[in-house]
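The data block below is input.cif; it holds mmCIF, C-alpha atoms and all ligand atoms.
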data_upload
loop_
_atom_site.label_atom_id
_atom_site.label_comp_id
_atom_site.auth_asym_id
_atom_site.auth_seq_id
_atom_site.Cartn_x
_atom_site.Cartn_y
_atom_site.Cartn_z
CA MET A 1 -44.77 -12.69 35.56
CA PRO A 2 -44.09 -13.24 31.88
CA THR A 3 -42.64 -10.49 29.75
CA ILE A 4 -45.51 -8.48 28.31
CA LEU A 5 -44.64 -7.65 24.75
CA ASN A 6 -45.30 -4.17 23.55
CA LEU A 7 -47.45 -5.23 20.62
CA SER A 8 -50.68 -3.64 19.54
CA TYR A 9 -52.75 -6.76 19.46
CA ASN A 10 -54.72 -6.89 22.74
CA ARG A 11 -57.78 -5.13 21.44
CA SER A 12 -60.44 -6.90 23.48
CA ASN A 13 -60.74 -6.61 27.26
CA VAL A 14 -60.52 -10.34 27.81
CA PRO A 15 -56.88 -11.48 28.11
CA PHE A 16 -56.03 -13.70 25.18
CA PHE A 17 -55.22 -16.71 27.33
CA LEU A 18 -58.63 -16.62 29.06
CA LYS A 19 -60.56 -17.00 25.86
CA LYS A 20 -62.34 -20.32 25.53
CA SER A 21 -60.80 -21.21 22.20
CA TYR A 22 -57.80 -19.86 20.37
CA ASP A 23 -57.87 -18.04 17.08
CA PHE A 24 -54.89 -19.53 15.24
CA ASN A 25 -54.99 -16.82 12.59
CA GLU A 26 -54.50 -14.24 15.31
CA LEU A 27 -51.73 -16.35 16.88
CA ALA A 28 -50.00 -16.64 13.50
CA ARG A 29 -50.21 -12.87 13.07
CA ARG A 30 -48.68 -12.23 16.50
CA TRP A 31 -46.01 -14.84 15.93
CA GLY A 32 -45.13 -13.30 12.54
CA GLU A 33 -44.85 -9.87 14.19
CA VAL A 34 -42.53 -11.08 16.96
CA ALA A 35 -40.43 -13.31 14.70
CA THR A 36 -39.80 -10.53 12.18
CA GLN A 37 -39.24 -7.87 14.89
CA THR A 38 -36.64 -9.91 16.75
CA GLY A 39 -34.91 -11.81 13.92
CA LEU A 40 -32.07 -13.87 15.37
CA GLN A 41 -30.61 -11.10 17.48
CA ASN A 42 -29.55 -11.32 21.11
CA GLY A 43 -32.55 -11.74 23.31
CA CYS A 44 -34.67 -13.36 20.60
CA TYR A 45 -35.26 -16.46 22.75
CA THR A 46 -36.82 -14.47 25.58
CA LYS A 47 -38.99 -12.49 23.14
CA TRP A 48 -40.34 -15.73 21.63
CA LEU A 49 -40.89 -17.19 25.10
CA GLY A 50 -42.67 -13.98 26.14
CA LEU A 51 -45.23 -14.30 23.38
CA MET A 52 -45.82 -17.99 24.09
CA ALA A 53 -46.22 -17.46 27.85
CA ASP A 54 -48.51 -14.46 27.30
CA SER A 55 -50.69 -16.40 24.93
CA VAL A 56 -51.44 -19.18 27.44
CA GLY A 57 -51.10 -17.08 30.61
CA ALA A 58 -48.03 -18.93 31.90
CA GLN A 59 -45.82 -17.57 34.66
CA GLY A 60 -42.30 -17.91 33.32
CA GLY A 61 -40.82 -20.10 30.66
CA CYS A 62 -37.50 -21.54 29.55
CA LEU A 63 -36.19 -22.68 26.18
CA ILE A 64 -33.71 -25.56 26.12
CA PHE A 65 -32.16 -26.37 22.75
CA GLU A 66 -29.45 -28.90 21.96
CA GLY A 67 -28.76 -29.47 25.65
CA GLU A 68 -28.30 -25.77 26.43
CA VAL A 69 -30.60 -23.39 28.30
CA LYS A 70 -30.97 -20.68 25.64
CA GLY A 71 -33.31 -18.33 27.43
CA CYS A 72 -35.50 -17.95 30.52
CA LEU A 73 -38.21 -15.35 31.03
CA ASP A 74 -37.26 -14.52 34.61
CA GLY A 75 -33.63 -13.99 33.57
CA ARG A 76 -32.35 -16.61 36.01
CA HIS A 77 -29.58 -19.00 35.05
CA TYR A 78 -31.09 -22.42 35.42
CA SER A 79 -28.76 -25.38 35.32
CA TYR A 80 -29.87 -28.37 33.35
CA HIS A 81 -28.75 -31.96 33.92
CA ALA A 82 -29.92 -34.11 31.02
CA GLU A 83 -29.02 -37.38 32.78
CA ASP A 84 -31.51 -36.58 35.61
CA CYS A 85 -34.33 -36.30 33.04
CA ALA A 86 -33.21 -38.99 30.56
CA LYS A 87 -36.41 -41.05 30.77
CA LEU A 88 -38.63 -38.03 30.14
CA ILE A 89 -36.49 -37.07 27.16
CA GLN A 90 -36.89 -40.56 25.69
CA TRP A 91 -40.64 -40.33 26.27
CA LEU A 92 -40.88 -36.95 24.49
CA GLU A 93 -38.85 -38.30 21.58
CA LYS A 94 -41.23 -41.24 21.24
CA HIS A 95 -44.61 -39.61 21.91
CA LYS A 96 -43.90 -36.20 20.37
CA HIS A 97 -46.34 -34.20 22.48
CA SER A 98 -46.40 -32.09 25.60
CA ILE A 99 -46.71 -33.36 29.15
CA THR A 100 -47.83 -31.58 32.34
CA ARG A 101 -46.78 -31.94 35.98
CA ARG A 102 -50.39 -32.71 36.89
CA GLN A 103 -50.47 -35.65 34.46
CA ILE A 104 -47.27 -37.02 36.00
CA LEU A 105 -48.66 -36.78 39.51
CA GLU A 106 -52.17 -38.02 38.82
CA GLU A 107 -52.01 -40.58 36.03
CA SER A 108 -50.52 -44.00 36.71
CA GLN A 109 -49.40 -44.56 33.11
CA TYR A 110 -46.66 -41.98 33.69
CA PHE A 111 -45.26 -43.83 36.68
CA PRO A 112 -42.15 -45.14 34.81
CA ILE A 113 -41.05 -41.58 33.96
CA LYS A 114 -42.32 -39.92 37.14
CA ILE A 115 -38.97 -39.26 38.90
CA HIS A 116 -37.20 -37.99 35.80
CA SER A 117 -40.15 -35.75 34.85
CA LEU A 118 -40.39 -34.26 38.32
CA ASN A 119 -36.63 -33.66 38.21
CA LEU A 120 -37.11 -31.55 35.10
CA PHE A 121 -40.12 -29.64 36.43
CA LEU A 122 -38.16 -28.99 39.64
CA GLN A 123 -35.07 -27.79 37.77
CA PHE A 124 -37.10 -25.22 35.80
CA GLN A 125 -39.95 -24.56 38.25
CA GLY A 126 -42.21 -25.74 35.46
CA ASP A 127 -45.71 -27.13 35.04
CA VAL A 128 -45.62 -28.14 31.40
CA CYS A 129 -42.97 -29.44 29.05
CA VAL A 130 -43.34 -29.13 25.24
CA PRO A 131 -40.94 -30.95 22.92
CA LEU A 132 -39.12 -29.13 20.11
CA PHE A 133 -38.14 -30.99 16.97
CA GLY A 134 -35.31 -30.38 14.52
CA CYS A 135 -35.65 -30.32 10.73
CA HIS A 136 -35.21 -34.12 10.53
CA GLY A 137 -37.92 -34.77 13.11
CA GLN A 138 -35.39 -35.50 15.90
CA LEU A 139 -35.97 -34.16 19.41
CA ALA A 140 -33.84 -31.01 19.50
CA GLY A 141 -34.93 -29.50 22.79
CA PHE A 142 -37.99 -28.48 24.78
CA LEU A 143 -39.91 -25.62 26.28
CA VAL A 144 -40.85 -25.56 29.95
CA PHE A 145 -43.55 -23.18 31.21
CA GLY A 146 -44.41 -22.40 34.83
CA PRO A 147 -47.86 -22.54 36.44
CA LYS A 148 -50.67 -20.54 34.87
CA GLN A 149 -51.34 -17.05 36.22
CA ASN A 150 -54.88 -18.06 37.27
CA ASN A 151 -53.44 -21.19 38.93
CA GLN A 152 -55.68 -23.37 36.83
CA ALA A 153 -54.58 -26.46 34.96
CA TYR A 154 -53.25 -26.32 31.42
CA THR A 155 -56.23 -27.20 29.22
CA PRO A 156 -55.90 -29.29 26.05
CA ALA A 157 -56.45 -26.02 24.11
CA CYS A 158 -53.48 -24.39 25.88
CA LEU A 159 -51.31 -27.41 25.14
CA GLU A 160 -52.41 -27.31 21.51
CA VAL A 161 -51.33 -23.65 21.32
CA LEU A 162 -47.93 -24.38 22.89
CA GLU A 163 -47.37 -27.32 20.54
CA TRP A 164 -48.34 -25.10 17.60
CA PHE A 165 -45.73 -22.55 18.75
CA ALA A 166 -43.14 -25.33 19.08
CA VAL A 167 -43.70 -26.21 15.42
CA GLN A 168 -43.29 -22.55 14.37
CA LEU A 169 -40.12 -22.34 16.43
CA SER A 170 -38.30 -25.25 14.78
CA PRO A 171 -37.07 -23.50 11.60
CA LEU A 172 -36.08 -20.40 13.60
CA LEU A 173 -34.07 -22.50 16.04
CA GLU A 174 -32.42 -24.31 13.16
CA ASN A 175 -31.46 -20.94 11.62
CA ALA A 176 -30.19 -19.68 14.97
CA ARG A 177 -28.10 -22.84 15.32
CA LEU A 178 -26.61 -22.36 11.83
CA CYS A 179 -25.89 -18.68 12.53
CA GLU A 180 -24.15 -19.55 15.79
CA ALA A 181 -22.09 -22.26 14.05
CA MET A 182 -21.10 -19.78 11.33
CA ARG A 183 -20.15 -17.14 13.90
CA ARG A 184 -18.04 -19.69 15.78
CA GLN A 185 -16.41 -20.82 12.55
CA GLN A 186 -15.67 -17.22 11.56
CA THR A 187 -14.04 -16.55 14.94
CA GLU A 188 -11.93 -19.70 14.61
CA MET A 189 -10.94 -18.75 11.06
CA ASP A 190 -9.97 -15.22 12.16
CA ALA A 191 -7.83 -16.66 14.96
CA LEU A 192 -6.18 -19.13 12.55
CA ARG A 193 -5.50 -16.40 10.01
CA ASP A 194 -3.92 -14.20 12.69
CA LEU A 195 -1.82 -17.13 13.85
CA LYS A 196 -0.73 -17.88 10.29
CA SER A 197 0.23 -14.24 9.67
CA GLN A 198 2.10 -14.09 12.97
CA MET A 199 3.95 -17.33 12.22
CA ILE A 200 4.90 -16.19 8.72
CA ALA A 201 6.09 -12.82 10.05
CA ASN A 202 8.18 -14.44 12.83
CA LEU A 203 9.63 -17.15 10.62
CA SER A 204 10.43 -14.75 7.81
CA HIS A 205 12.18 -12.41 10.23
CA GLU A 206 14.23 -15.31 11.64
CA LEU A 207 15.25 -16.34 8.11
CA ARG A 208 15.83 -12.85 6.78
CA THR A 209 18.41 -11.89 9.41
CA PRO A 210 20.96 -14.68 8.65
CA LEU A 211 20.20 -14.44 4.93
CA THR A 212 21.13 -10.75 4.91
CA SER A 213 24.55 -11.55 6.37
CA ILE A 214 25.03 -14.48 3.90
CA LEU A 215 24.27 -12.08 1.05
CA GLY A 216 26.55 -9.39 2.52
CA PHE A 217 29.56 -11.72 2.76
CA THR A 218 28.84 -13.24 -0.66
CA GLU A 219 28.88 -9.75 -2.15
CA LEU A 220 32.29 -9.14 -0.51
CA LEU A 221 33.58 -12.34 -2.10
CA ASN A 222 32.06 -11.37 -5.44
CA GLU A 223 33.79 -8.00 -5.33
CA GLU A 224 37.05 -9.89 -4.54
CA ILE A 225 37.74 -7.61 -1.57
CA ASP A 226 39.39 -10.51 0.35
CA GLY A 227 41.47 -11.58 -2.64
CA PRO A 228 40.98 -12.70 -6.25
CA LEU A 229 38.76 -15.69 -7.19
CA ASN A 230 39.36 -18.10 -10.02
CA GLY A 231 36.75 -18.52 -12.81
CA GLU A 232 34.95 -21.49 -11.18
CA GLN A 233 34.80 -19.78 -7.77
CA LYS A 234 33.34 -16.62 -9.34
CA LYS A 235 30.65 -18.69 -11.08
CA HIS A 236 29.69 -20.38 -7.79
CA VAL A 237 29.63 -17.12 -5.84
CA ARG A 238 27.27 -15.60 -8.44
CA GLU A 239 24.99 -18.63 -8.14
CA ILE A 240 24.86 -18.15 -4.36
CA LEU A 241 24.10 -14.44 -4.81
CA GLY A 242 21.31 -15.09 -7.33
CA GLY A 243 19.68 -17.78 -5.15
CA GLY A 244 20.01 -15.67 -2.01
CA GLN A 245 18.44 -12.63 -3.64
CA ARG A 246 15.53 -14.74 -4.88
CA LEU A 247 15.03 -16.10 -1.38
CA LEU A 248 15.16 -12.60 0.11
CA LYS A 249 12.53 -11.41 -2.38
CA THR A 250 10.24 -14.27 -1.44
CA LEU A 251 10.70 -13.63 2.28
CA SER A 252 9.97 -9.92 1.84
CA ALA A 253 6.79 -10.73 -0.09
CA LEU A 254 5.74 -13.14 2.69
CA VAL A 255 6.30 -10.50 5.37
CA ASP A 256 4.38 -7.89 3.34
CA MET A 257 1.52 -10.33 2.83
CA ALA A 258 1.37 -11.12 6.56
CA LYS A 259 1.42 -7.40 7.40
CA MET A 260 -1.35 -6.72 4.91
CA GLU A 261 -3.51 -9.49 6.35
CA ALA A 262 -2.93 -8.18 9.86
CA GLY A 263 -3.92 -4.66 8.71
CA GLN A 264 -0.44 -3.37 9.69
CA TYR A 265 0.46 -1.80 6.37
CA PRO A 266 -0.22 1.93 6.54
CA LEU A 267 -0.42 3.90 3.31
CA ASN A 268 1.88 6.84 2.83
CA ILE A 269 -0.12 8.86 0.33
CA SER A 270 1.23 11.38 -2.16
CA GLN A 271 0.42 12.52 -5.70
CA PHE A 272 2.84 11.43 -8.45
CA HIS A 273 3.38 10.63 -12.13
CA LEU A 274 3.67 6.95 -13.03
CA GLY A 275 6.27 7.52 -15.79
CA PRO A 276 9.40 7.80 -13.59
CA ILE A 277 8.33 4.84 -11.42
CA LEU A 278 7.81 2.70 -14.47
CA GLU A 279 11.17 3.73 -15.89
CA GLY A 280 12.93 2.71 -12.67
CA VAL A 281 11.11 -0.63 -12.47
CA LEU A 282 11.73 -1.50 -16.12
CA GLY A 283 15.45 -0.94 -15.53
CA GLU A 284 15.44 -3.62 -12.78
CA ILE A 285 13.62 -6.34 -14.75
CA PRO A 286 15.65 -8.80 -16.79
CA PHE A 287 13.69 -8.73 -20.09
CA ASN A 288 15.36 -11.03 -22.58
CA GLY A 289 16.48 -9.73 -25.95
CA GLU A 290 13.50 -11.29 -27.73
CA ILE A 291 10.90 -9.03 -26.11
CA ASP A 292 9.82 -5.67 -27.53
CA LEU A 293 8.77 -3.18 -24.89
CA ASP A 294 6.10 -0.63 -25.71
CA VAL A 295 5.29 1.91 -22.99
CA SER A 296 2.68 4.50 -23.87
CA LEU A 297 2.66 6.49 -20.62
CA ASN A 298 3.81 10.07 -21.05
CA GLY A 299 3.55 13.55 -19.56
CA GLN A 300 -0.14 13.68 -20.56
CA THR A 301 -0.98 10.69 -18.36
CA PRO A 302 -2.66 12.16 -15.27
CA MET A 303 -0.99 11.94 -11.87
CA VAL A 304 -2.35 9.40 -9.40
CA TYR A 305 -2.71 9.40 -5.62
CA GLY A 306 -1.19 6.51 -3.72
CA ASP A 307 1.68 5.03 -1.80
CA LEU A 308 4.67 5.36 -4.12
CA GLN A 309 6.52 2.29 -2.76
CA MET A 310 3.42 0.14 -3.02
CA VAL A 311 2.67 1.27 -6.58
CA ARG A 312 6.30 0.52 -7.50
CA GLN A 313 5.87 -2.96 -5.97
CA ILE A 314 2.70 -3.60 -8.00
CA PHE A 315 4.42 -2.61 -11.28
CA ARG A 316 7.50 -4.66 -10.43
CA GLN A 317 5.43 -7.79 -9.76
CA ILE A 318 3.24 -7.55 -12.86
CA LEU A 319 6.11 -6.65 -15.17
CA ASP A 320 8.33 -9.36 -13.62
CA ASN A 321 5.63 -11.88 -14.51
CA ALA A 322 5.24 -10.46 -18.03
CA ALA A 323 9.00 -10.92 -18.54
CA LYS A 324 8.99 -14.39 -16.97
CA TYR A 325 6.00 -15.80 -18.85
CA THR A 326 6.80 -14.25 -22.26
CA PRO A 327 9.67 -16.15 -23.89
CA ARG A 328 9.47 -13.86 -26.95
CA GLY A 329 7.08 -11.24 -28.30
CA ARG A 330 5.85 -7.94 -26.92
CA VAL A 331 5.03 -6.36 -23.57
CA THR A 332 2.99 -3.14 -23.61
CA VAL A 333 2.05 -0.76 -20.82
CA ALA A 334 -0.80 1.72 -21.34
CA ALA A 335 -3.05 3.84 -19.15
CA SER A 336 -6.43 5.49 -19.64
CA ARG A 337 -8.74 7.56 -17.45
CA LYS A 338 -11.87 5.72 -16.20
CA GLY A 339 -14.00 8.18 -14.25
CA GLU A 340 -12.14 9.01 -11.04
CA MET A 341 -9.58 6.25 -11.60
CA LEU A 342 -6.65 5.66 -13.90
CA GLU A 343 -6.72 2.19 -15.47
CA ILE A 344 -3.30 0.73 -16.22
CA CYS A 345 -2.97 -2.26 -18.53
CA VAL A 346 0.15 -4.44 -18.79
CA ALA A 347 -0.27 -6.76 -21.77
CA ASP A 348 2.04 -9.50 -22.96
CA THR A 349 2.04 -11.98 -25.82
CA GLY A 350 3.36 -14.80 -23.62
CA ILE A 351 2.14 -18.25 -22.63
CA GLY A 352 -1.27 -17.02 -21.38
CA ILE A 353 -3.51 -18.52 -18.69
CA ALA A 354 -6.47 -20.91 -19.04
CA GLN A 355 -9.79 -19.16 -18.32
CA GLU A 356 -10.66 -21.38 -15.32
CA LYS A 357 -7.28 -20.73 -13.67
CA ILE A 358 -7.54 -16.93 -13.75
CA PRO A 359 -9.42 -16.54 -10.41
CA CYS A 360 -6.92 -18.88 -8.67
CA ILE A 361 -3.81 -16.85 -9.51
CA PHE A 362 -4.92 -14.11 -7.10
CA ASP A 363 -5.48 -16.55 -4.22
CA GLY A 364 -1.88 -16.74 -3.04
CA PHE A 365 0.51 -19.69 -3.03
CA TYR A 366 -0.81 -20.75 -6.42
CA GLN A 367 1.29 -21.57 -9.46
CA ILE A 368 -0.25 -22.89 -12.63
CA SER A 369 2.67 -25.19 -13.37
CA SER A 370 3.27 -27.07 -10.15
CA GLY A 371 5.02 -30.21 -8.98
CA LEU A 372 8.57 -31.33 -9.52
CA THR A 373 8.43 -30.64 -13.24
CA ARG A 374 7.72 -26.91 -12.82
CA THR A 375 9.05 -24.83 -15.68
CA TYR A 376 8.80 -21.45 -13.93
CA GLN A 377 10.11 -20.53 -10.49
CA GLY A 378 8.13 -18.44 -8.02
CA PRO A 379 6.32 -18.76 -4.69
CA GLY A 380 2.93 -17.79 -6.15
CA ILE A 381 2.23 -14.84 -3.85
CA GLY A 382 3.13 -11.86 -6.02
CA LEU A 383 -0.31 -11.38 -7.54
CA ALA A 384 -2.17 -12.01 -4.28
CA LEU A 385 -0.06 -9.31 -2.63
CA SER A 386 -0.47 -6.94 -5.60
CA LYS A 387 -4.25 -7.40 -5.44
CA LYS A 388 -4.27 -6.47 -1.75
CA LEU A 389 -2.04 -3.47 -2.44
CA VAL A 390 -4.31 -2.23 -5.25
CA GLU A 391 -7.43 -2.77 -3.14
CA SER A 392 -5.88 -0.82 -0.27
CA HIS A 393 -5.93 2.14 -2.69
CA GLY A 394 -9.62 1.54 -3.41
CA GLY A 395 -8.72 0.10 -6.82
CA ARG A 396 -9.21 -3.24 -8.57
CA LEU A 397 -6.79 -5.73 -10.15
CA TRP A 398 -7.97 -8.28 -12.68
CA ALA A 399 -6.68 -10.33 -15.61
CA GLU A 400 -7.81 -11.39 -19.06
CA SER A 401 -5.92 -14.05 -20.92
CA LYS A 402 -5.91 -16.65 -23.67
CA PRO A 403 -3.53 -19.64 -23.51
CA GLY A 404 -0.83 -19.33 -26.17
CA GLN A 405 -1.81 -15.74 -27.01
CA GLY A 406 -0.91 -13.73 -23.93
CA SER A 407 -2.35 -11.98 -20.88
CA GLN A 408 -3.52 -8.51 -19.91
CA PHE A 409 -3.33 -7.40 -16.29
CA HIS A 410 -5.44 -4.35 -15.48
CA PHE A 411 -5.41 -2.33 -12.29
CA THR A 412 -6.90 0.97 -11.25
CA LEU A 413 -5.46 3.76 -9.08
CA PRO A 414 -7.26 6.85 -7.80
CA LEU A 415 -6.98 10.22 -9.51
CA LYS A 416 -8.58 11.99 -6.57
CA PRO A 417 -7.50 11.73 -2.92
CA ILE A 418 -11.09 11.32 -1.86
CA THR A 419 -11.33 7.78 -3.28
CA ILE A 420 -8.48 6.46 -1.18
CA ARG A 421 -9.42 4.45 1.82
CA HIS A 422 -7.17 2.23 3.86
CA LYS A 423 -9.78 -0.39 4.36
CA GLU A 424 -9.60 -3.39 6.63
CA LEU A 425 -7.48 -5.71 4.52
CA ALA A 426 -7.83 -8.87 6.52
CA ALA A 427 -9.88 -10.79 3.94
P1 LIG B 1 4.78 -16.44 -9.06
O1 LIG B 1 5.74 -15.95 -8.05
O2 LIG B 1 4.60 -17.93 -9.08
O3 LIG B 1 4.99 -15.85 -10.42
P2 LIG B 1 2.37 -14.82 -8.96
O4 LIG B 1 1.41 -14.61 -7.84
O5 LIG B 1 3.08 -13.64 -9.48
O6 LIG B 1 3.38 -15.93 -8.49
O7 LIG B 1 1.57 -15.51 -10.16
C1 LIG B 1 0.76 -16.63 -9.90
C2 LIG B 1 0.67 -17.50 -11.13
O8 LIG B 1 -0.01 -16.77 -12.15
C3 LIG B 1 2.02 -17.83 -11.71
O9 LIG B 1 2.54 -19.01 -11.14
C4 LIG B 1 1.67 -18.02 -13.19
O10 LIG B 1 1.27 -19.36 -13.40
C5 LIG B 1 0.49 -17.11 -13.43
N1 LIG B 1 0.88 -15.85 -14.13
C6 LIG B 1 1.11 -14.65 -13.55
N2 LIG B 1 1.40 -13.72 -14.49
C7 LIG B 1 1.36 -14.34 -15.67
C8 LIG B 1 1.57 -13.92 -17.04
N3 LIG B 1 1.87 -12.66 -17.34
N4 LIG B 1 1.44 -14.86 -18.00
C9 LIG B 1 1.12 -16.13 -17.70
N5 LIG B 1 0.91 -16.59 -16.45
C10 LIG B 1 1.03 -15.72 -15.44
#

Please go through the file and, once you have read it, give me the structure as structure tokens.
Amino acid sequence: MPTILNLSYNRSNVPFFLKKSYDFNELARRWGEVATQTGLQNGCYTKWLGLMADSVGAQGGCLIFEGEVKGCLDGRHYSYHAEDCAKLIQWLEKHKHSITRRQILEESQYFPIKIHSLNLFLQFQGDVCVPLFGCHGQLAGFLVFGPKQNNQAYTPACLEVLEWFAVQLSPLLENARLCEAMRRQQTEMDALRDLKSQMIANLSHELRTPLTSILGFTELLNEEIDGPLNGEQKKHVREILGGGQRLLKTLSALVDMAKMEAGQYPLNISQFHLGPILEGVLGEIPFNGEIDLDVSLNGQTPMVYGDLQMVRQIFRQILDNAAKYTPRGRVTVAASRKGEMLEICVADTGIGIAQEKIPCIFDGFYQISSGLTRTYQGPGIGLALSKKLVESHGGRLWAESKPGQGSQFHFTLPLKPITIRHKELAA
């Protein structure tokens, strides 16, 4: 028996499928009801089949789309062998209308496709096969319905109804196909992203361990613990130290990024003033003598809630960039209350960024000057990581800039604990 849908349409006593002629307005109304009720959720195929089978009084029905059995009304798992029905499929593609088992058995014109048609009807215990077409008019699948409940033959009117349904079904099937493809793609992308994060984390760990001992021994040499160095040797040892520390910074940023993407970066929340953090960070950054620093945070600036280490990391990255990309001029740091957030602005009068490049600098692994002639060093992940760190506090990081005039980096941090959420960071 077909699935009887719980819809409020059967107002007359005569079952719909026993009526002499079909009211296509009524069919359209029912179809609209079912299509909007079910959407493209699980089980949509059987709901659609249920309505179609009910409308013509068919016992059972199956929907085959793009070589796959998508749904069957009796819930059985039918197997489908396209090669056993190849001639019927070619016929449907060419003639573009339904065909019944009775026609195959009784009409000689169907003799060339008889075996392949009977194979299909046997596979699905069907009596009628209705082709389904894709958006470019290609045969995309078919519907097979079992014998009628009253054991009578499918009339031309019934076939017309089923073909009408097949036309209504086409855009829905196309949408379902696209949704499935998108879901598959999303799953593949998630798996690739996890793999990338895992690879970065493993590789960085493998590199960080020997690098730490290289740096340790280089520091011993630099401190001349094993004996004095001559001028040239000292110069070389300092070069090794500088390069090694840069490499270590890059590796740490890569590990942090991978952890963030894998959602393994828990926040350790406390309430604090930004002033002391900023003071510490500014002491670590090598601003050249041609830059004026103007910091207008003071005791009046409200305390924020956040992870102190992460906030320190955000400041260090943005101020490092301000120092790096400002050959001379001014760097200012200011903060102002914006509702439940504190907005911090780090402005410089450096080289600036072209408008169209601004969204790219937060993507990760992006440097504006690239290639062998690069003027500025850097792996291009600092801002991407900072953005993730700010967002993990429920804040926002953005930039405004004009080439040749300078850049302003703004970010917000919460003033109330309630706004903090450690959201799923895997973008
Ligand atoms: P990097 O390690 O390369 O500095 P970031 O993620 O910190 O990576 O920055 C990405 C890119 O954004 C940089 O390569 C640079 O081109 C641009 N950028 C960042 N900050 C500034 C700034 N203050 N002024 C000009 N350009 C900047």

I'd like the contact shell of region 105-115 of chain A - 7 Å cut-off, only C-alpha atoms, skipping same-chain residues fewer than 3 positions apart - returned as a PDB file with C-alpha atoms, in the frame of the given file.
ATOM      1  CA  LYS A  87     -36.410 -41.050  30.770  1.00  0.00           C
ATOM      2  CA  LEU A  88     -38.630 -38.030  30.140  1.00  0.00           C
ATOM      3  CA  ARG A 101     -46.780 -31.940  35.980  1.00  0.00           C
ATOM      4  CA  ARG A 102     -50.390 -32.710  36.890  1.00  0.00           C
ATOM      5  CA  LEU A 118     -40.390 -34.260  38.320  1.00  0.00           C
ATOM      6  CA  ASN A 119     -36.630 -33.660  38.210  1.00  0.00           C
TER       7      ASN A 119
END

Quick check, in Å to one decimal: how far apart do CA of Ala384 (chain A) and CA of Phe362 (chain A) lie?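 If I compute the distance from CA of Ala384 (chain A) to CA of Phe362 (chain A), I get 4.5 Å.
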
Contacts of region 240-314 of chain A with region 414-418 of chain A up to 10 Å, shortest pair per row, all atoms listed in the file, as a tab-separated table:
residue	atom	partner	partner_atom	distance
A:Ile269	CA	A:Pro417	CA	8.6
A:Ser270	CA	A:Pro417	CA	8.8
A:Gln271	CA	A:Pro417	CA	8.4
A:Phe272	CA	A:Leu415	CA	10.0
A:Pro302	CA	A:Leu415	CA	7.5
A:Met303	CA	A:Leu415	CA	6.7
A:Val304	CA	A:Leu415	CA	4.7
A:Tyr305	CA	A:Pro414	CA	5.7
A:Gly306	CA	A:Pro414	CA	7.3

Just the residues within 10 Å of Tyr22 (chain A), please, counting all atoms listed in the file, with nothing from its chain fewer than 6 positions along; format it as JSON, numbers by chain. {"A": [16, 55, 56, 157, 158, 160, 161]}

What is the CA of Cys135 (chain A) to CA of Gln168 (chain A) distance in Å?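 That distance, rounded to one decimal, is 11.5 Å.
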
Env of Gly382 (chain A): 9 Å cut, atoms = only C-alpha atoms, seq-sep filter 5 positions within chain, self excluded. Answer as a PDB file with C-alpha atoms, in the frame of the given file.
ATOM      1  CA  THR A 250      10.240 -14.270  -1.440  1.00  0.00           C
ATOM      2  CA  ALA A 253       6.790 -10.730  -0.090  1.00  0.00           C
ATOM      3  CA  ILE A 314       2.700  -3.600  -8.000  1.00  0.00           C
ATOM      4  CA  GLN A 317       5.430  -7.790  -9.760  1.00  0.00           C
ATOM      5  CA  ILE A 318       3.240  -7.550 -12.860  1.00  0.00           C
ATOM      6  CA  ASN A 321       5.630 -11.880 -14.510  1.00  0.00           C
ATOM      7  CA  PHE A 362      -4.920 -14.110  -7.100  1.00  0.00           C
ATOM      8  CA  GLY A 364      -1.880 -16.740  -3.040  1.00  0.00           C
ATOM      9  CA  PHE A 365       0.510 -19.690  -3.030  1.00  0.00           C
ATOM     10  CA  LYS A 387      -4.250  -7.400  -5.440  1.00  0.00           C
TER      11      LYS A 387
END

Would you mind telling me which residue in A:Thr349, A:Gln149, A:Gln245, A:Asn268 lies nearest to Asp292 (chain A) when using all atoms listed in the file? A:Thr349

Tell me which of A:Met310, A:Met199, A:Leu251, A:Ala334 sits closest to ligand LIG 1 (chain B), counting only C-alpha atoms and all ligand atoms. A:Leu251

Could you tell me how far CA of Ile277 (chain A) sits from CA of Phe409 (chain A), in Å to one decimal place?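 Here the two named atoms are 17.6 Å from each other.
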
Given the block above, output region 68-80 of chain A with C-alpha atoms as an mmCIF file, in the first residue's frame.
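Saved result, decode.cif, follows:
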data_model
loop_
_atom_site.group_PDB
_atom_site.id
_atom_site.type_symbol
_atom_site.label_atom_id
_atom_site.label_comp_id
_atom_site.auth_asym_id
_atom_site.auth_seq_id
_atom_site.Cartn_x
_atom_site.Cartn_y
_atom_site.Cartn_z
ATOM 1 C CA GLU A 68 20.855 5.572 -7.741
ATOM 2 C CA VAL A 69 17.681 4.296 -6.069
ATOM 3 C CA LYS A 70 16.807 7.373 -3.989
ATOM 4 C CA GLY A 71 13.623 6.169 -2.370
ATOM 5 C CA CYS A 72 11.039 3.371 -2.381
ATOM 6 C CA LEU A 73 7.601 3.501 -0.814
ATOM 7 C CA ASP A 74 7.753 0.030 0.715
ATOM 8 C CA GLY A 75 11.117 0.839 2.313
ATOM 9 C CA ARG A 76 12.849 -2.076 0.598
ATOM 10 C CA HIS A 77 16.338 -1.741 -0.810
ATOM 11 C CA TYR A 78 15.990 -2.516 -4.469
ATOM 12 C CA SER A 79 19.142 -3.075 -6.459
ATOM 13 C CA TYR A 80 19.320 -1.519 -9.860
#
